[in-house]
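Step one of this worksheet: look at the structure below.
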Amino acid sequence: MTQKFTDQDRKLVIEELERIQNVKLERVKPSRKLFKDFNGMFYLISGGTDDWHGINASLMQTLTNYTQEGAFIVVKKFKSKMEICIGSLSIFIQNKDNLYKTTKGGFQFHFFHTEDGLYIEEIPELYCNKVTEILFPNHKKDLSRLKEISKIINIEIQDEVKLSHSDLQAKLVLVGSYLNYRTFVPTPDQGKMTIYGKTLGELCSEQSVPDGSIPALSLGTVKYIDVIWFDEEGYPTHAFEVEHTTDITKGLLRLYQVHKLRIKMFIISEEQNKGKFEREVAKRPFSKIKNEFVFKNYDELDEFFQSVKKFSQMKERFLVNHG
């Protein structure tokens with residue numbers, strides 16, 4: 001069952017805002033979302049677990065009559081925490097006609113969650129930066145898979161063995177899993193066997209994209225990216241395209257279609273393909289965000305993998321109980 005944004009949640013958010021803004025907030029009745037400080041500055045606070053929020057006609061009229069700058073605040077609630085993101089209330093009000101209108105005269109807006117904040121789908125120029133988060137003290141991370149992943153990482157592979165596309169995906173999955181990310185590969189790839197004695201599906205923590213983590217418009221692309229890492233809450237943080245024998249341009253196109261999620265985007269390929277990568281990212285449409293694409297060669301991936309492997313061995317030796 002989806003957790004709601006409760007009165008207690010709102011109280012915690014207000015207390016945190018008062019602390020970081022050094023103000024005292026009071027509610028502007030009858031709204032439960034609108035507050036003001038001792039200078040009369042408005043704070044519009046919308047919170048919840050979903051990626052959309054509603055504002056009734058009466059509240060919007062109050063906001064329209066407000067002529068000063070204010071704080072537009074969206075609180076995203078997760079299982080383990082609440083993230084508080086703040087943007088410009090004046091930009092929101094000025095662009096209210098871009099919002100979806102309800103049959104009762106209200107307004108709705110939708111947002112894309114990113115690593116460092118969120119932006120409003122209907123008002124792209126309104127970006128809300130994450131300023132703080134409130135952790136729920138009783139939440140505990142599930143580390144049950146870590147020991148199993150450590151064993152697989154430490155399987156010895158002969159240097160002369162030529163790795164397949166699936167083996168390279170497996171390396172990324174294992175590293176991500178050991179770093180406590182949730183991992184996913186496309187459904188058609190999940191049955192492919194790897195050099196580590198398990199299929200990609202068996203190595204991944206997720207058999208499908210975590211519910212609610214990806215906006216519908218991006219889901220069709222995300223589910224075909226070679227490897228995705230998600231954070232504990234199920235939001236994507238890293239996307240990897242392994243260009244083993246395929247065209248780098250196709251991988252860049254898939255990544256480009258999800259760049260608005262503020263996800264870290266990697267092309268993994270042979271070093272000899274770096275020149276082509278640099279030529280492609282200089283072209284449209286990639287050139288607008290070319291610095292957001294990262295090229296890593298196979299040796300760099302292996303170096304990363306070996307460092308995780310070495311750390312897992314050191315951790316095991318250090319923490320093992322010898323009696």
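Identifiers in this document derive from the order of the structure tokens: chains are assigned A, B, ..., residues are numbered from 1 separately in each chain, and ligands are numbered from 1 in order of occurrence.
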Checklist entry - Which parts of region 52-240 of chain A does DSSP call alpha helix (DSSP H) when run on the backbone here, written out as an MDAnalysis selection string? => result chainID A and resid 57:64 89:94 146:153 165:178 200:203 216:222
Kindly save the residues from that selection, with C-alpha atoms included, as a PDB file, in the first residue's frame.
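part.pdb written:
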ATOM      1  CA  ALA A  57      -8.975  26.823  -7.654  1.00  0.00           C
ATOM      2  CA  SER A  58      -9.266  28.803  -4.413  1.00  0.00           C
ATOM      3  CA  LEU A  59      -5.597  28.291  -3.501  1.00  0.00           C
ATOM      4  CA  MET A  60      -4.484  29.179  -7.027  1.00  0.00           C
ATOM      5  CA  GLN A  61      -6.459  32.423  -6.830  1.00  0.00           C
ATOM      6  CA  THR A  62      -4.711  33.284  -3.541  1.00  0.00           C
ATOM      7  CA  LEU A  63      -1.359  32.613  -5.195  1.00  0.00           C
ATOM      8  CA  THR A  64      -2.275  34.666  -8.267  1.00  0.00           C
ATOM      9  CA  LEU A  89       6.984  30.334  -6.544  1.00  0.00           C
ATOM     10  CA  SER A  90       6.775  33.319  -8.901  1.00  0.00           C
ATOM     11  CA  ILE A  91       7.816  31.184 -11.910  1.00  0.00           C
ATOM     12  CA  PHE A  92       5.183  28.628 -10.933  1.00  0.00           C
ATOM     13  CA  ILE A  93       2.446  31.275 -10.704  1.00  0.00           C
ATOM     14  CA  GLN A  94       3.477  33.012 -13.933  1.00  0.00           C
ATOM     15  CA  LEU A 146      25.891  -8.698  -0.341  1.00  0.00           C
ATOM     16  CA  LYS A 147      27.593 -11.919   0.800  1.00  0.00           C
ATOM     17  CA  GLU A 148      26.383 -13.866  -2.242  1.00  0.00           C
ATOM     18  CA  ILE A 149      27.502 -11.111  -4.614  1.00  0.00           C
ATOM     19  CA  SER A 150      30.924 -11.018  -2.933  1.00  0.00           C
ATOM     20  CA  LYS A 151      31.402 -14.745  -3.630  1.00  0.00           C
ATOM     21  CA  ILE A 152      30.530 -14.329  -7.306  1.00  0.00           C
ATOM     22  CA  ILE A 153      32.842 -11.335  -7.709  1.00  0.00           C
ATOM     23  CA  HIS A 165      28.605  -8.609 -24.225  1.00  0.00           C
ATOM     24  CA  SER A 166      26.709 -10.447 -21.476  1.00  0.00           C
ATOM     25  CA  ASP A 167      29.904 -10.896 -19.426  1.00  0.00           C
ATOM     26  CA  LEU A 168      30.576  -7.165 -19.576  1.00  0.00           C
ATOM     27  CA  GLN A 169      26.992  -6.478 -18.496  1.00  0.00           C
ATOM     28  CA  ALA A 170      27.543  -8.949 -15.644  1.00  0.00           C
ATOM     29  CA  LYS A 171      30.609  -7.042 -14.430  1.00  0.00           C
ATOM     30  CA  LEU A 172      28.577  -3.845 -14.236  1.00  0.00           C
ATOM     31  CA  VAL A 173      25.740  -5.647 -12.463  1.00  0.00           C
ATOM     32  CA  LEU A 174      28.073  -7.222  -9.897  1.00  0.00           C
ATOM     33  CA  VAL A 175      29.884  -3.968  -9.149  1.00  0.00           C
ATOM     34  CA  GLY A 176      26.573  -2.115  -8.819  1.00  0.00           C
ATOM     35  CA  SER A 177      25.139  -4.794  -6.553  1.00  0.00           C
ATOM     36  CA  TYR A 178      28.213  -4.781  -4.323  1.00  0.00           C
ATOM     37  CA  LEU A 200      22.118 -12.031 -16.038  1.00  0.00           C
ATOM     38  CA  GLY A 201      18.644 -12.311 -14.553  1.00  0.00           C
ATOM     39  CA  GLU A 202      19.996 -14.300 -11.616  1.00  0.00           C
ATOM     40  CA  LEU A 203      22.727 -11.723 -10.991  1.00  0.00           C
ATOM     41  CA  ALA A 216       5.805   6.695 -18.433  1.00  0.00           C
ATOM     42  CA  LEU A 217       7.306   8.647 -21.333  1.00  0.00           C
ATOM     43  CA  SER A 218      10.814   7.383 -20.516  1.00  0.00           C
ATOM     44  CA  LEU A 219       9.993   3.822 -19.464  1.00  0.00           C
ATOM     45  CA  GLY A 220       9.974   2.441 -23.011  1.00  0.00           C
ATOM     46  CA  THR A 221      13.586   3.543 -23.490  1.00  0.00           C
ATOM     47  CA  VAL A 222      14.945   2.768 -20.018  1.00  0.00           C
TER      48      VAL A 222
END
Checklist entry - Near Tyr224 (chain A), counting only C-alpha atoms, which residues have an atom at most 10 Å away, once you skip same-chain residues fewer than 3 positions from it, shown as a list in words? => result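 Residues near the query, excluding close chain neighbours: Phe184, Val185, Pro186, Thr187, Pro188, Asp189, Leu219, Gly220, Thr221, Val227, Ile228, Glu241, Gly251 and Arg254 of chain A.
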Checklist entry - Got a sec to tell me which of region 22-202 of chain A DSSP assigns to strand (DSSP E or B), as an MDAnalysis selection string? => result chainID A and resid 26:27 34:36 42:48 52:55 71:77 81:88 100:101 107:114 117:120 127:135 182:184 193 199
Next on the checklist: I need the residue nearest Arg27 (chain A) from this list: A:Glu280, A:Asn297, A:Glu69, A:Ile14. Use only C-alpha atoms for the distance.
Outcome noted: A:Ile14
Checklist outcome for this item: Pairwise distance, CA of Ser31 (chain A) with CA of Asp7 (chain A), equals 13.0 Å
Checklist entry - Which residues come within 6 Å of Glu133 (chain A), counting only C-alpha atoms, excluding same-chain residues fewer than 6 positions away, as a list in words? => result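 These residues fall inside the cut-off: Met82, Glu83 and Ile84 of chain A.
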Next on the checklist: Applying 8 Å and only C-alpha atoms, which residues near region 309-318 of chain A remain after dropping the ones on its own chain fewer than 2 positions away? List them as an MDAnalysis selection string.
Outcome noted: chainID A and resid 150 153:154 305:307 320
Item to check | Interatomic distance (Å, one decimal) between CA of Lys162 (chain A) and CA of Ile225 (chain A) | outcome: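 So the two atoms, CA of Lys162 (chain A) and CA of Ile225 (chain A), lie 22.6 Å apart.
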Checklist entry - Of the residues A:Ile123, A:Leu44, A:Leu99, A:Ile134, which is the one nearest to Glu16 (chain A), using only C-alpha atoms? => result A:Ile134
Checklist entry - Could you name the residues that touch Ile263 (chain A) at 9 Å or less, counting only C-alpha atoms, but leaving out those on the same chain fewer than 3 positions away, as a VMD selection string? => result chain A and resid 114 to 115 236 to 239 255 258 to 260 292
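Interatomic distance, CA of Ile195 (chain A) against CA of His244 (chain A): 15.9 Å.
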Checklist entry - When distances are computed from only C-alpha atoms, which of A:Asp50, A:Phe112, A:Leu252, A:Leu17 shows the smallest separation from Ser287 (chain A)? => result A:Leu252
Item to check | Exercise: Tyr196 (chain A) partners within 7 Å, only C-alpha atoms, chain neighbours under 2 positions left out, as JSON, numbers by chain | outcome: {"A": [152, 155, 194, 198]}
Based on the selection just made, write N, CA and C atoms of those residues as a compact mmCIF listing (two decimals), in the first residue's frame.
# COMPACT_ATOMS: atom_id res chain seq x y z
N ILE A 152 30.51 -14.29 -5.84
CA ILE A 152 30.53 -14.33 -7.31
C ILE A 152 31.63 -13.43 -7.85
N ILE A 155 35.05 -15.09 -8.05
CA ILE A 155 35.32 -16.21 -8.94
C ILE A 155 36.47 -15.84 -9.86
N THR A 194 26.31 -16.13 -18.21
CA THR A 194 27.53 -15.35 -18.10
C THR A 194 28.68 -16.24 -17.66
N LYS A 198 26.08 -17.91 -13.76
CA LYS A 198 24.68 -17.55 -13.57
C LYS A 198 24.20 -16.70 -14.73
Next on the checklist: I need the residue nearest Tyr298 (chain A) from this list: A:Val242, A:Lys283, A:Lys276, A:Lys33. Use only C-alpha atoms for the distance.
Outcome noted: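 The shortest atom-to-atom distance to Tyr298 (chain A) comes from A:Val242.
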Checklist outcome for this item: The residue from A:Tyr181, A:Tyr119, A:Phe35, A:Phe72 with the smallest atom-to-atom distance to Arg10 (chain A), counting only C-alpha atoms, is A:Phe35
